[in-house]
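File shown here: work_1.csv, holding CSV, C-alpha atoms.
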```
chain,number,residue,atom,x,y,z
A,1,MET,CA,-3.5,24.3,-5.5
A,2,THR,CA,-0.5,22.0,-6.2
A,3,THR,CA,-1.0,18.4,-6.9
A,4,PRO,CA,-0.2,16.3,-3.8
A,5,ASN,CA,2.7,13.9,-4.0
A,6,PRO,CA,1.6,10.4,-5.1
A,7,THR,CA,1.1,7.6,-2.5
A,8,GLN,CA,2.6,4.3,-3.6
A,9,ILE,CA,1.1,1.1,-2.1
A,10,ILE,CA,2.9,-2.2,-2.7
A,11,ALA,CA,0.7,-5.1,-1.6
A,12,GLU,CA,1.5,-8.3,-3.4
A,13,PRO,CA,-1.1,-11.0,-3.3
A,14,GLY,CA,-0.3,-13.9,-1.0
A,15,LYS,CA,2.1,-11.9,1.2
A,16,GLN,CA,1.6,-10.8,4.8
A,17,GLU,CA,3.1,-7.4,4.2
A,18,VAL,CA,2.3,-4.0,2.7
A,19,THR,CA,4.6,-1.1,1.9
A,20,ILE,CA,3.4,2.5,1.7
A,21,ILE,CA,5.7,5.2,0.3
A,22,ARG,CA,5.1,8.9,0.1
A,23,GLU,CA,7.3,12.0,-0.3
A,24,PHE,CA,6.8,15.3,1.5
A,25,ASP,CA,7.9,18.8,0.7
A,26,ALA,CA,9.3,19.3,4.2
A,27,PRO,CA,12.6,18.6,5.9
A,28,ARG,CA,13.1,15.3,7.7
A,29,GLU,CA,13.1,16.7,11.2
A,30,LEU,CA,9.6,18.1,10.7
A,31,VAL,CA,8.1,15.0,9.1
A,32,PHE,CA,9.6,13.0,11.9
A,33,GLN,CA,8.1,15.3,14.5
A,34,ALA,CA,4.7,15.0,12.9
A,35,HIS,CA,4.9,11.3,13.4
A,36,ASN,CA,6.2,11.4,17.0
A,37,ASP,CA,4.1,14.0,18.7
A,38,ALA,CA,0.6,13.1,19.9
A,39,LYS,CA,-0.9,16.5,19.2
A,40,LEU,CA,0.4,16.5,15.6
A,41,LEU,CA,-0.4,12.9,15.0
A,42,ALA,CA,-4.0,13.5,16.1
A,43,GLN,CA,-4.3,16.2,13.4
A,44,TRP,CA,-3.7,13.9,10.5
A,45,LEU,CA,-4.0,10.2,11.5
A,46,GLY,CA,-7.8,9.9,11.5
A,47,PRO,CA,-10.2,9.8,8.5
A,48,LYS,CA,-12.2,13.0,7.7
A,49,ASP,CA,-15.1,12.5,10.0
A,50,LEU,CA,-13.3,11.1,13.0
A,51,THR,CA,-11.4,12.7,15.9
A,52,ILE,CA,-8.3,11.0,17.2
A,53,VAL,CA,-7.5,11.1,20.9
A,54,PHE,CA,-4.5,9.6,22.5
A,55,ASP,CA,-5.1,8.3,26.0
A,56,LYS,CA,-1.6,7.0,26.2
A,57,PHE,CA,1.4,8.3,24.4
A,58,ASN,CA,4.9,7.2,25.3
A,59,HIS,CA,6.8,7.4,22.1
A,60,VAL,CA,10.2,6.2,23.3
A,61,SER,CA,12.1,3.0,22.8
A,62,GLY,CA,10.3,0.5,25.0
A,63,GLY,CA,7.3,2.7,25.3
A,64,SER,CA,3.6,2.2,24.3
A,65,TYR,CA,0.6,4.1,23.0
A,66,ARG,CA,-3.2,3.9,22.7
A,67,TYR,CA,-5.6,6.0,20.8
A,68,LYS,CA,-9.3,6.1,20.1
A,69,ALA,CA,-11.3,7.2,17.2
A,70,ILE,CA,-14.3,9.3,18.1
A,71,ARG,CA,-17.4,10.0,16.0
A,72,ASN,CA,-20.1,12.3,17.3
A,73,GLY,CA,-18.7,12.1,20.8
A,74,LYS,CA,-18.7,8.3,20.8
A,75,GLU,CA,-15.6,6.0,20.8
A,76,ILE,CA,-16.0,3.8,17.8
A,77,ALA,CA,-12.5,2.2,17.6
A,78,GLY,CA,-9.4,1.7,19.7
A,79,PHE,CA,-5.8,1.1,18.7
A,80,ASN,CA,-2.8,0.3,20.7
A,81,GLY,CA,0.8,-0.9,20.4
A,82,ALA,CA,4.3,-1.0,21.8
A,83,ILE,CA,7.1,1.2,20.7
A,84,HIS,CA,10.1,-1.0,19.9
A,85,GLU,CA,12.4,1.8,18.9
A,86,VAL,CA,12.4,5.5,18.3
A,87,CYS,CA,15.6,6.6,16.5
A,88,ALA,CA,15.2,10.3,15.7
A,89,PRO,CA,14.9,11.4,13.0
A,90,GLU,CA,15.4,8.2,11.0
A,91,ARG,CA,13.0,5.5,12.1
A,92,ILE,CA,10.1,4.4,14.4
A,93,ILE,CA,9.5,0.7,14.9
A,94,GLN,CA,6.2,-0.2,16.6
A,95,THR,CA,3.5,-2.7,16.9
A,96,PHE,CA,-0.1,-1.9,15.9
A,97,GLU,CA,-3.3,-3.6,17.0
A,98,PHE,CA,-6.9,-2.8,16.1
A,99,GLU,CA,-8.9,-3.5,19.2
A,100,GLY,CA,-12.2,-4.1,17.3
A,101,ILE,CA,-11.2,-7.6,16.2
A,102,PRO,CA,-13.1,-10.0,18.6
A,103,ASP,CA,-10.2,-12.4,18.6
A,104,ARG,CA,-7.3,-10.4,20.0
A,105,GLY,CA,-3.7,-10.7,19.1
A,106,HIS,CA,-3.8,-9.7,15.5
A,107,VAL,CA,-0.8,-7.4,15.7
A,108,SER,CA,1.3,-6.0,12.9
A,109,LEU,CA,4.9,-4.9,13.1
A,110,ASP,CA,5.3,-1.4,11.5
A,111,THR,CA,8.6,0.2,10.6
A,112,THR,CA,8.5,3.8,9.4
A,113,LEU,CA,11.6,5.1,7.8
A,114,PHE,CA,12.4,8.8,7.1
A,115,GLU,CA,14.8,9.4,4.3
A,116,GLU,CA,16.3,12.8,3.5
A,117,LEU,CA,15.9,13.9,-0.1
A,118,PRO,CA,17.5,16.9,-1.9
A,119,ASN,CA,15.8,20.3,-1.6
A,120,HIS,CA,14.6,19.7,2.0
A,121,ARG,CA,12.3,17.0,1.0
A,122,THR,CA,11.6,13.7,2.8
A,123,ARG,CA,10.6,10.2,1.8
A,124,VAL,CA,8.5,8.2,4.2
A,125,THR,CA,8.4,4.4,3.8
A,126,ILE,CA,6.0,2.4,6.1
A,127,HIS,CA,6.6,-1.3,6.0
A,128,SER,CA,3.9,-3.3,7.8
A,129,VAL,CA,4.1,-7.0,8.4
A,130,CYS,CA,1.1,-8.9,9.7
A,131,ARG,CA,0.8,-12.3,11.3
A,132,SER,CA,-0.8,-13.9,8.3
A,133,VAL,CA,-1.9,-13.2,4.7
A,134,SER,CA,-5.5,-13.1,5.8
A,135,ASP,CA,-4.7,-10.6,8.5
A,136,ARG,CA,-3.0,-8.4,6.0
A,137,ASP,CA,-5.9,-8.7,3.6
A,138,ALA,CA,-8.4,-8.0,6.4
A,139,MET,CA,-6.4,-4.9,7.5
A,140,MET,CA,-6.5,-3.5,3.9
A,141,ALA,CA,-10.1,-4.4,3.4
A,142,SER,CA,-11.2,-2.8,6.6
A,143,SER,CA,-10.3,0.6,5.2
A,144,MET,CA,-13.4,0.2,3.0
A,145,GLU,CA,-15.6,0.6,6.1
A,146,LEU,CA,-14.1,4.0,6.7
A,147,GLY,CA,-16.2,5.1,3.8
A,148,VAL,CA,-14.1,6.4,0.9
A,149,ASN,CA,-15.2,7.4,-2.5
A,150,GLU,CA,-15.0,5.2,-5.5
A,151,GLY,CA,-13.4,5.0,-8.8
A,152,TYR,CA,-11.0,7.3,-10.5
A,153,GLU,CA,-9.1,6.4,-13.6
A,154,LYS,CA,-5.7,5.4,-12.4
A,155,LEU,CA,-3.7,2.3,-13.1
A,156,ASP,CA,-2.7,0.5,-10.0
A,157,THR,CA,0.7,0.8,-8.4
A,158,ILE,CA,1.0,-2.9,-8.6
A,159,LEU,CA,0.8,-2.6,-12.4
A,160,LYS,CA,3.6,0.0,-12.2
A,161,ASN,CA,5.7,-2.2,-10.1
A,162,ILE,CA,5.4,-5.4,-12.0
B,1,MET,CA,-7.9,-24.2,-8.9
B,2,ARG,CA,-8.3,-20.6,-8.0
B,3,ARG,CA,-8.1,-18.5,-11.2
B,4,ASP,CA,-8.1,-14.7,-10.6
B,5,VAL,CA,-6.0,-11.7,-11.0
B,6,PHE,CA,-4.4,-12.1,-7.6
B,7,GLN,CA,-3.2,-15.6,-8.3
B,8,ALA,CA,-2.0,-14.5,-11.7
B,9,ILE,CA,0.3,-11.8,-10.4
B,10,ALA,CA,1.5,-13.7,-7.4
B,11,ASP,CA,4.3,-15.2,-9.5
B,12,PRO,CA,7.4,-13.2,-10.6
B,13,THR,CA,7.6,-14.8,-14.0
B,14,ARG,CA,4.0,-14.0,-14.8
B,15,ARG,CA,4.5,-10.4,-13.6
B,16,ALA,CA,7.5,-10.2,-16.0
B,17,ILE,CA,5.4,-11.6,-18.8
B,18,LEU,CA,2.7,-9.0,-18.2
B,19,THR,CA,5.2,-6.2,-18.1
B,20,LEU,CA,6.6,-7.3,-21.5
B,21,ILE,CA,3.3,-7.8,-23.3
B,22,ALA,CA,1.8,-4.6,-21.7
B,23,MET,CA,4.4,-2.7,-23.7
B,24,GLN,CA,3.8,-4.6,-26.9
B,25,ALA,CA,1.8,-7.7,-28.1
B,26,MET,CA,4.2,-10.6,-28.6
B,27,THR,CA,4.4,-14.0,-30.3
B,28,PRO,CA,5.2,-17.0,-28.2
B,29,ASN,CA,8.7,-17.2,-29.6
B,30,ALA,CA,9.5,-13.5,-29.1
B,31,LEU,CA,8.3,-13.8,-25.5
B,32,ALA,CA,10.2,-17.0,-24.7
B,33,GLU,CA,13.5,-15.3,-25.8
B,34,HIS,CA,13.2,-13.1,-22.7
B,35,PHE,CA,13.3,-15.9,-20.3
B,36,ASP,CA,15.9,-18.5,-19.3
B,37,THR,CA,13.3,-21.1,-18.5
B,38,SER,CA,12.0,-23.5,-21.2
B,39,ARG,CA,9.3,-22.5,-23.7
B,40,GLN,CA,7.1,-25.0,-22.1
B,41,ALA,CA,7.4,-23.3,-18.7
B,42,VAL,CA,6.6,-19.9,-20.3
B,43,SER,CA,3.5,-21.3,-22.1
B,44,LYS,CA,2.3,-22.8,-18.8
B,45,HIS,CA,2.4,-19.3,-17.3
B,46,ILE,CA,0.6,-18.0,-20.4
B,47,LYS,CA,-2.1,-20.6,-19.9
B,48,VAL,CA,-2.7,-19.4,-16.3
B,49,LEU,CA,-2.7,-15.8,-17.4
B,50,THR,CA,-5.2,-16.6,-20.2
B,51,GLU,CA,-7.4,-18.4,-17.8
B,52,CYS,CA,-7.3,-15.4,-15.5
B,53,GLN,CA,-8.2,-13.2,-18.5
B,54,LEU,CA,-5.2,-11.1,-18.2
B,55,VAL,CA,-3.9,-12.2,-21.5
B,56,LYS,CA,-5.8,-12.5,-24.8
B,57,GLN,CA,-4.5,-14.5,-27.7
B,58,GLU,CA,-5.1,-13.2,-31.2
B,59,VAL,CA,-4.2,-14.8,-34.5
B,60,SER,CA,-2.7,-12.6,-37.1
B,61,GLY,CA,-1.6,-14.3,-40.3
B,62,ARG,CA,0.2,-17.5,-39.3
B,63,GLU,CA,1.3,-16.1,-35.9
B,64,ILE,CA,-0.4,-16.0,-32.5
B,65,TYR,CA,0.0,-12.8,-30.5
B,66,TYR,CA,-0.4,-12.4,-26.8
B,67,HIS,CA,-2.1,-9.2,-25.8
B,68,PHE,CA,-2.4,-7.7,-22.3
B,69,ASN,CA,-5.9,-7.0,-20.9
B,70,PRO,CA,-5.6,-3.9,-18.7
B,71,LYS,CA,-9.4,-4.0,-17.9
B,72,LYS,CA,-8.9,-7.2,-15.9
B,73,MET,CA,-5.9,-5.7,-14.1
B,74,LYS,CA,-8.1,-2.9,-12.8
B,75,GLU,CA,-9.7,-5.5,-10.5
B,76,VAL,CA,-6.6,-5.2,-8.4
B,77,ASP,CA,-6.9,-1.5,-8.4
B,78,ARG,CA,-10.5,-1.6,-7.1
B,79,TRP,CA,-9.4,-3.8,-4.3
B,80,LEU,CA,-6.6,-1.5,-3.2
B,81,GLU,CA,-8.5,1.8,-3.8
B,82,PRO,CA,-10.1,2.3,-0.4
B,83,PHE,CA,-6.9,1.6,1.4
B,84,ARG,CA,-5.0,4.0,-0.9
B,85,ASN,CA,-7.7,6.6,-0.4
B,86,LEU,CA,-7.4,6.3,3.3
B,87,TRP,CA,-3.6,6.9,3.2
B,88,GLU,CA,-3.9,9.7,0.6
B,89,ASP,CA,-6.4,11.4,2.9
B,90,ARG,CA,-4.1,11.0,5.8
B,91,PHE,CA,-1.0,12.2,4.0
B,92,ASN,CA,-2.8,15.2,2.5
B,93,LYS,CA,-3.7,16.3,6.0
B,94,LEU,CA,-0.1,15.7,7.0
B,95,ASP,CA,0.9,18.1,4.2
B,96,ILE,CA,-1.2,20.8,5.9
B,97,VAL,CA,0.3,20.0,9.3
B,98,LEU,CA,3.8,20.2,7.9
B,99,ASN,CA,3.1,23.5,6.2
B,100,GLN,CA,2.0,24.9,9.5
B,101,LEU,CA,5.1,23.6,11.2
B,102,LYS,CA,7.3,25.2,8.4
B,103,LYS,CA,5.8,28.6,9.1
B,104,LYS,CA,6.8,28.5,12.8
```

Target format structure tokens, applied to this file:
Amino acid sequence: MTTPNPTQIIAEPGKQEVTIIREFDAPRELVFQAHNDAKLLAQWLGPKDLTIVFDKFNHVSGGSYRYKAIRNGKEIAGFNGAIHEVCAPERIIQTFEFEGIPDRGHVSLDTTLFEELPNHRTRVTIHSVCRSVSDRDAMMASSMELGVNEGYEKLDTILKNI
Amino acid sequence: MRRDVFQAIADPTRRAILTLIAMQAMTPNALAEHFDTSRQAVSKHIKVLTECQLVKQEVSGREIYYHFNPKKMKEVDRWLEPFRNLWEDRFNKLDIVLNQLKKK
């Protein structure tokens, strides 16, 4: 098995944004397609033990989407947003809201850029801006609930970026 | 005042200081040469970094050396780790999806 491409996360303290960068050994058209097709998205978007089902998918400029995460046949979380712009195969700009927050309206603005690299490779950059620093921190902290394993020896990307 | 790793690295000068001393322990003079700001301003940042335990001061002969404390920096990593794992899981699955698409 080959080592996967590293995922770079840039989340500076005190800011309401986070940037996620990852390269893929696939041409841009395919990487874009995997981000803009409900059937393909459902295959990779959810954590291991969850099934993702889109009940609305209109990925065009001015469109919208909603999907739910299902565990053991039960809906445990819903997510929705508006599609601001789909510019194939370069970028997708959309909003994102986790419906589990009791006080609604905590929406982030997410821009996903697809960059062509040599040798039919692609770099994806996701830039997510939240309404507040605490929204950003809460969004990042909520991934803990999705149950992921602890501790391996790796110095943080922040350290690499300082 | 809040004194933790997150506050320490929120400032660009402090991040620059950490980058420098992470490569090599430095005396106050050597460190100050890297910055346009006054020595006083640099030592203020050092004070914050020391209080946050990211910098340790050690005396060697007549000189003080600033050392980087990577253990403390790992606190940031622990905070980010679940988020990173979530995305790594996602992207690893996306690799599989892309491999299938390439075969078509």

Could you check the closest approach to Asp89 (chain B) for each of A:Arg22, A:Ala34, A:Trp44, A:Phe79 and tell me which residue wins, using all atoms listed in the file?
A:Trp44

Which residues of chain B come within 12 Å of chain A, and for each one, what is the closest pair of atoms and their distance in Å to one decimal, counting all atoms listed in the file, sorted by chain and residue number, as a tab-separated table?
```
residue	atom	partner	partner_atom	distance
B:Asp4	CA	A:Pro13	CA	10.8
B:Val5	CA	A:Pro13	CA	9.2
B:Phe6	CA	A:Pro13	CA	5.5
B:Gln7	CA	A:Pro13	CA	7.1
B:Ala8	CA	A:Pro13	CA	9.1
B:Ile9	CA	A:Pro13	CA	7.3
B:Ala10	CA	A:Pro13	CA	5.6
B:Asp11	CA	A:Pro13	CA	9.2
B:Pro12	CA	A:Ile162	CA	8.2
B:Thr13	CA	A:Ile162	CA	9.9
B:Arg14	CA	A:Ile162	CA	9.2
B:Arg15	CA	A:Ile162	CA	5.3
B:Ala16	CA	A:Ile162	CA	6.6
B:Ile17	CA	A:Ile162	CA	9.2
B:Leu18	CA	A:Ile162	CA	7.7
B:Thr19	CA	A:Ile162	CA	6.2
B:Leu20	CA	A:Ile162	CA	9.8
B:Ile21	CA	A:Ile162	CA	11.7
B:Ala22	CA	A:Leu159	CA	9.6
B:Met23	CA	A:Lys160	CA	11.8
B:Leu54	CA	A:Leu159	CA	11.9
B:Phe68	CA	A:Leu159	CA	11.6
B:Asn69	CA	A:Leu159	CA	11.7
B:Pro70	CA	A:Leu155	CA	8.6
B:Lys71	CA	A:Leu155	CA	9.8
B:Lys72	CA	A:Leu155	CA	11.2
B:Met73	CA	A:Leu159	CA	7.6
B:Lys74	CA	A:Leu155	CA	6.8
B:Glu75	CA	A:Asp156	CA	9.2
B:Val76	CA	A:Asp156	CA	7.1
B:Asp77	CA	A:Asp156	CA	4.9
B:Arg78	CA	A:Gly151	CA	7.4
B:Trp79	CA	A:Ala141	CA	7.8
B:Leu80	CA	A:Met140	CA	7.4
B:Glu81	CA	A:Glu150	CA	7.5
B:Pro82	CA	A:Met144	CA	5.2
B:Phe83	CA	A:Ser143	CA	5.2
B:Arg84	CA	A:Ile9	CA	6.9
B:Asn85	CA	A:Val148	CA	6.5
B:Leu86	CA	A:Ser143	CA	6.7
B:Trp87	CA	A:Thr7	CA	7.4
B:Glu88	CA	A:Thr7	CA	6.2
B:Asp89	CA	A:Pro47	CA	7.0
B:Arg90	CA	A:Trp44	CA	5.5
B:Phe91	CA	A:Trp44	CA	7.2
B:Asn92	CA	A:Pro4	CA	6.9
B:Lys93	CA	A:Trp44	CA	5.1
B:Leu94	CA	A:Trp44	CA	5.3
B:Asp95	CA	A:Phe24	CA	7.1
B:Ile96	CA	A:Trp44	CA	8.7
B:Val97	CA	A:Leu40	CA	7.2
B:Leu98	CA	A:Ala26	CA	6.7
B:Asn99	CA	A:Ala26	CA	7.8
B:Gln100	CA	A:Leu30	CA	10.3
B:Leu101	CA	A:Leu30	CA	7.1
B:Lys102	CA	A:Ala26	CA	7.5
B:Lys103	CA	A:Ala26	CA	11.1
B:Lys104	CA	A:Leu30	CA	11.0
```

Find the residue from A:Ile76, A:Val18, A:Leu50, A:Ile83 that sits nearest to Asn36 (chain A); use all atoms listed in the file when measuring.
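Among A:Ile76, A:Val18, A:Leu50, A:Ile83, it is A:Ile83 that comes nearest to Asn36 (chain A).
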
Take CA of Glu116 (chain A) and CA of Glu29 (chain A) and report the distance between them in Å, one decimal.
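Between CA of Glu116 (chain A) and CA of Glu29 (chain A) the gap is 9.2 Å.
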
List the spatial neighbours of region 25-39 of chain B as a ChimeraX atom specification - criterion: any atom at most 6 Å away, all atoms listed in the file, same-chain residues fewer than 6 positions off excluded.
/B:64-67

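Picture a line from CA of Thr51 (chain A) to CA of Ala69 (chain A); it runs 5.7 Å.
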